[in-house]
Amino acid sequence: MMPNESHQKIVNIQALRGVAVLLVVFAHVGSYEKRFFDGHAYLDLFTTIGAAGVDLFFVISGFVMMAICHGGYQKKKAAPAFFLRRVARIYPLYWVFTLLYLPIFLFYPQMMNRQEGAEGVSLVRSFLLLPGLQVPLVGQGWTLVHEMYFYLVFSIALFFPERHKVRFLAIWSALIVVGFALTARFDVLQDFPLLMLASDPLTFEFIAGCVTFVLISKGCRVNSRLLVVLGALGLLVPGIMSLPFDRTVHVDRMIICLLPATLLVLGAVSLERRNGIILPKFLTFVGDISYSVYLSHMIVVSGAHKLFRFLDLGSSTPAHLFYVALSIALACGAGAAIHFLLERPLLRVGYATVRRLLHEKAEAAHPLTAHIKQT
């Protein structure tokens with residue numbers, strides 16, 4: 001069993017969060033490159049596989065949720081404490097960005113930078129992160145819809161004995177398979193967003209993260225370095241080999257990304273636990289600010305393009321490289337500023353509110369209080 005360290009910050013998990021959000025940022029910067037530099041992009045590789053950063057996030061999320069709940073099953077207030085803390089973690093900053101998008105959506109919908117358009121977006125579903133046929137107002141919010149679903153199901157698991165957690169995951173997996181088979185067989189079921197969400201194969205990535213924690217907690221010995229290398233290469237393969245990878249088809253991305261992302265998480269955590277090897281500190285820092293970067297980077301990258309055009313620097317190689325560096329630097333810089341000036345104060349207020357609701361006297365009063373920073 002993993003010692004009580006499970007409630008401590010796992011540094012390499014934070015570093016992998018940094019890797020995940022950088023993959024997503026690189027993907028979007030690369031897409032802007034293709035659009036405005038005659039189809040050429042220095043980050044072309046990432047326009048294909050950068051979306052795998054989301055899959056890595058999901059595996060990490062499963063691992064972290066299992067770590068947080070370790071030893072807290074069937075405890076008094078365990079389920080509400082877990083879910084309310086997730087709400088306090090996700091919603092406040094997300095609402096800030098939703099409100100930023102709202103005037104554009106209401107008065108200038110043609111300016112919404114969305115491939116699927118703004119038509120049919122539900123404001124209620126967007127604000128509450130409820131499943132729908134359209135992605136939320138903030139495009140990145142589709143992943144948060146999945147996260148809130150994960151948290152809801154996991155809070156239900158807390159009512160059961162901890163010894164049954166693997167059985168719970170197995171039953172959950174079986175229900176996903178049945179649901180996916182039904183929605184694939186009967187088209188009419190695809191009009192029910194909640195059913196589509198519950199049967200989405202991307203949930204297997206979250207479950208894989210949970211299983212990874214179980215393996216680590218049971219002392220599973222692996223070749224950490226090899227797993228990290230295999231995981232990293234596995235995420236790069238679709239781009240390197242130009243595989244036909246449609247990131248919008250969740251079955252495709254789950255098949256391609258689940259195993260590499262899981263190997264990467266298992267390898268990186270084992271690397272820290274067994275070998276004492278910590279990934280580069282700058283990745284840990286980016287991981288700390290990853291939620292702010294994730295929510296803000298599309299606005300920033302779009303703004304960087306407008307700034308670049310305003311400066312009229314042309315399309316030479318130096319100008320092109322400057323654009324790439326500027327976009328990435330601004331995305332990370334803005335994310336850092338938002339993290340320290342907005343996200344952290346909102347978290348303090350959110351967690352304090354949860355403590356009052358639960359009648360807790362201190363942060364450490366509840367068994368599910370964890371010091372792992374969460375996405």
# chains A, B, ... in the order shown; residues from 1 in each chain; ligands from 1
>>> residues_around(residues="range 154-170 of chain A", least_positions_apart="6", cutoff="9 Å", atoms="only C-alpha atoms", output="PyMOL selection string")
chain A and resi 65-66+69-75+78-83+207+210-211+214
>>> closest_residue(among="A:Leu144, A:Cys257, A:Ala181, A:His339", to="Val87 in chain A", atoms="only C-alpha atoms")
A:Leu144
>>> closest_residue(among="A:Pro280, A:Gly30, A:Pro193, A:Pro92", to="Ala51 in chain A", atoms="only C-alpha atoms")
A:Gly30
>>> residues_around(residues="Leu123 in chain A", least_positions_apart="6", cutoff="12 Å", atoms="only C-alpha atoms", output="list in words")
Trp95, Thr98, Leu99, Tyr101, Leu102, Pro103, Phe105, Leu106, Leu129, Leu130, Pro131, Gly132, Gln134, Val135, Pro136, Leu137 and Val138 of chain A
>>> write_last_selection(atoms="N, CA and C atoms", output="PDB file, in the first residue's frame")
ATOM      1  N   TRP A  95     -15.861  30.077 -14.831  1.00  0.00           N
ATOM      2  CA  TRP A  95     -16.935  31.067 -14.971  1.00  0.00           C
ATOM      3  C   TRP A  95     -16.385  32.422 -15.398  1.00  0.00           C
ATOM      4  N   THR A  98     -15.913  32.171 -19.049  1.00  0.00           N
ATOM      5  CA  THR A  98     -17.213  32.093 -19.711  1.00  0.00           C
ATOM      6  C   THR A  98     -17.843  33.478 -19.808  1.00  0.00           C
ATOM      7  N   LEU A  99     -17.727  34.268 -18.736  1.00  0.00           N
ATOM      8  CA  LEU A  99     -18.255  35.633 -18.755  1.00  0.00           C
ATOM      9  C   LEU A  99     -17.505  36.515 -19.732  1.00  0.00           C
ATOM     10  N   TYR A 101     -16.301  35.458 -22.579  1.00  0.00           N
ATOM     11  CA  TYR A 101     -16.786  35.068 -23.899  1.00  0.00           C
ATOM     12  C   TYR A 101     -18.227  35.496 -24.146  1.00  0.00           C
ATOM     13  N   LEU A 102     -18.981  35.685 -23.079  1.00  0.00           N
ATOM     14  CA  LEU A 102     -20.419  35.910 -23.215  1.00  0.00           C
ATOM     15  C   LEU A 102     -20.787  37.111 -24.094  1.00  0.00           C
ATOM     16  N   PRO A 103     -20.186  38.302 -23.898  1.00  0.00           N
ATOM     17  CA  PRO A 103     -20.558  39.436 -24.759  1.00  0.00           C
ATOM     18  C   PRO A 103     -20.269  39.176 -26.245  1.00  0.00           C
ATOM     19  N   PHE A 105     -20.274  36.257 -27.691  1.00  0.00           N
ATOM     20  CA  PHE A 105     -21.295  35.300 -28.137  1.00  0.00           C
ATOM     21  C   PHE A 105     -22.634  35.987 -28.390  1.00  0.00           C
ATOM     22  N   LEU A 106     -22.999  36.922 -27.524  1.00  0.00           N
ATOM     23  CA  LEU A 106     -24.303  37.567 -27.625  1.00  0.00           C
ATOM     24  C   LEU A 106     -24.367  38.611 -28.735  1.00  0.00           C
ATOM     25  N   LEU A 129     -21.526  23.281 -17.044  1.00  0.00           N
ATOM     26  CA  LEU A 129     -20.724  22.172 -17.584  1.00  0.00           C
ATOM     27  C   LEU A 129     -21.548  20.890 -17.663  1.00  0.00           C
ATOM     28  N   LEU A 130     -22.771  21.048 -18.164  1.00  0.00           N
ATOM     29  CA  LEU A 130     -23.636  19.903 -18.378  1.00  0.00           C
ATOM     30  C   LEU A 130     -23.436  19.370 -19.792  1.00  0.00           C
ATOM     31  N   PRO A 131     -23.578  18.070 -19.996  1.00  0.00           N
ATOM     32  CA  PRO A 131     -23.391  17.516 -21.342  1.00  0.00           C
ATOM     33  C   PRO A 131     -24.441  18.063 -22.309  1.00  0.00           C
ATOM     34  N   GLY A 132     -24.020  18.301 -23.537  1.00  0.00           N
ATOM     35  CA  GLY A 132     -24.922  18.801 -24.563  1.00  0.00           C
ATOM     36  C   GLY A 132     -24.452  18.362 -25.934  1.00  0.00           C
ATOM     37  N   GLN A 134     -23.694  20.453 -28.255  1.00  0.00           N
ATOM     38  CA  GLN A 134     -22.676  21.419 -28.630  1.00  0.00           C
ATOM     39  C   GLN A 134     -21.672  21.544 -27.486  1.00  0.00           C
ATOM     40  N   VAL A 135     -20.440  21.895 -27.842  1.00  0.00           N
ATOM     41  CA  VAL A 135     -19.442  22.140 -26.803  1.00  0.00           C
ATOM     42  C   VAL A 135     -19.795  23.439 -26.093  1.00  0.00           C
ATOM     43  N   PRO A 136     -19.297  23.664 -24.874  1.00  0.00           N
ATOM     44  CA  PRO A 136     -19.623  24.887 -24.133  1.00  0.00           C
ATOM     45  C   PRO A 136     -19.123  26.148 -24.830  1.00  0.00           C
ATOM     46  N   LEU A 137     -19.556  27.268 -24.289  1.00  0.00           N
ATOM     47  CA  LEU A 137     -19.173  28.569 -24.826  1.00  0.00           C
ATOM     48  C   LEU A 137     -17.657  28.707 -24.895  1.00  0.00           C
ATOM     49  N   VAL A 138     -16.985  28.349 -23.829  1.00  0.00           N
ATOM     50  CA  VAL A 138     -15.521  28.251 -23.840  1.00  0.00           C
ATOM     51  C   VAL A 138     -15.198  26.875 -24.404  1.00  0.00           C
TER      52      VAL A 138
END
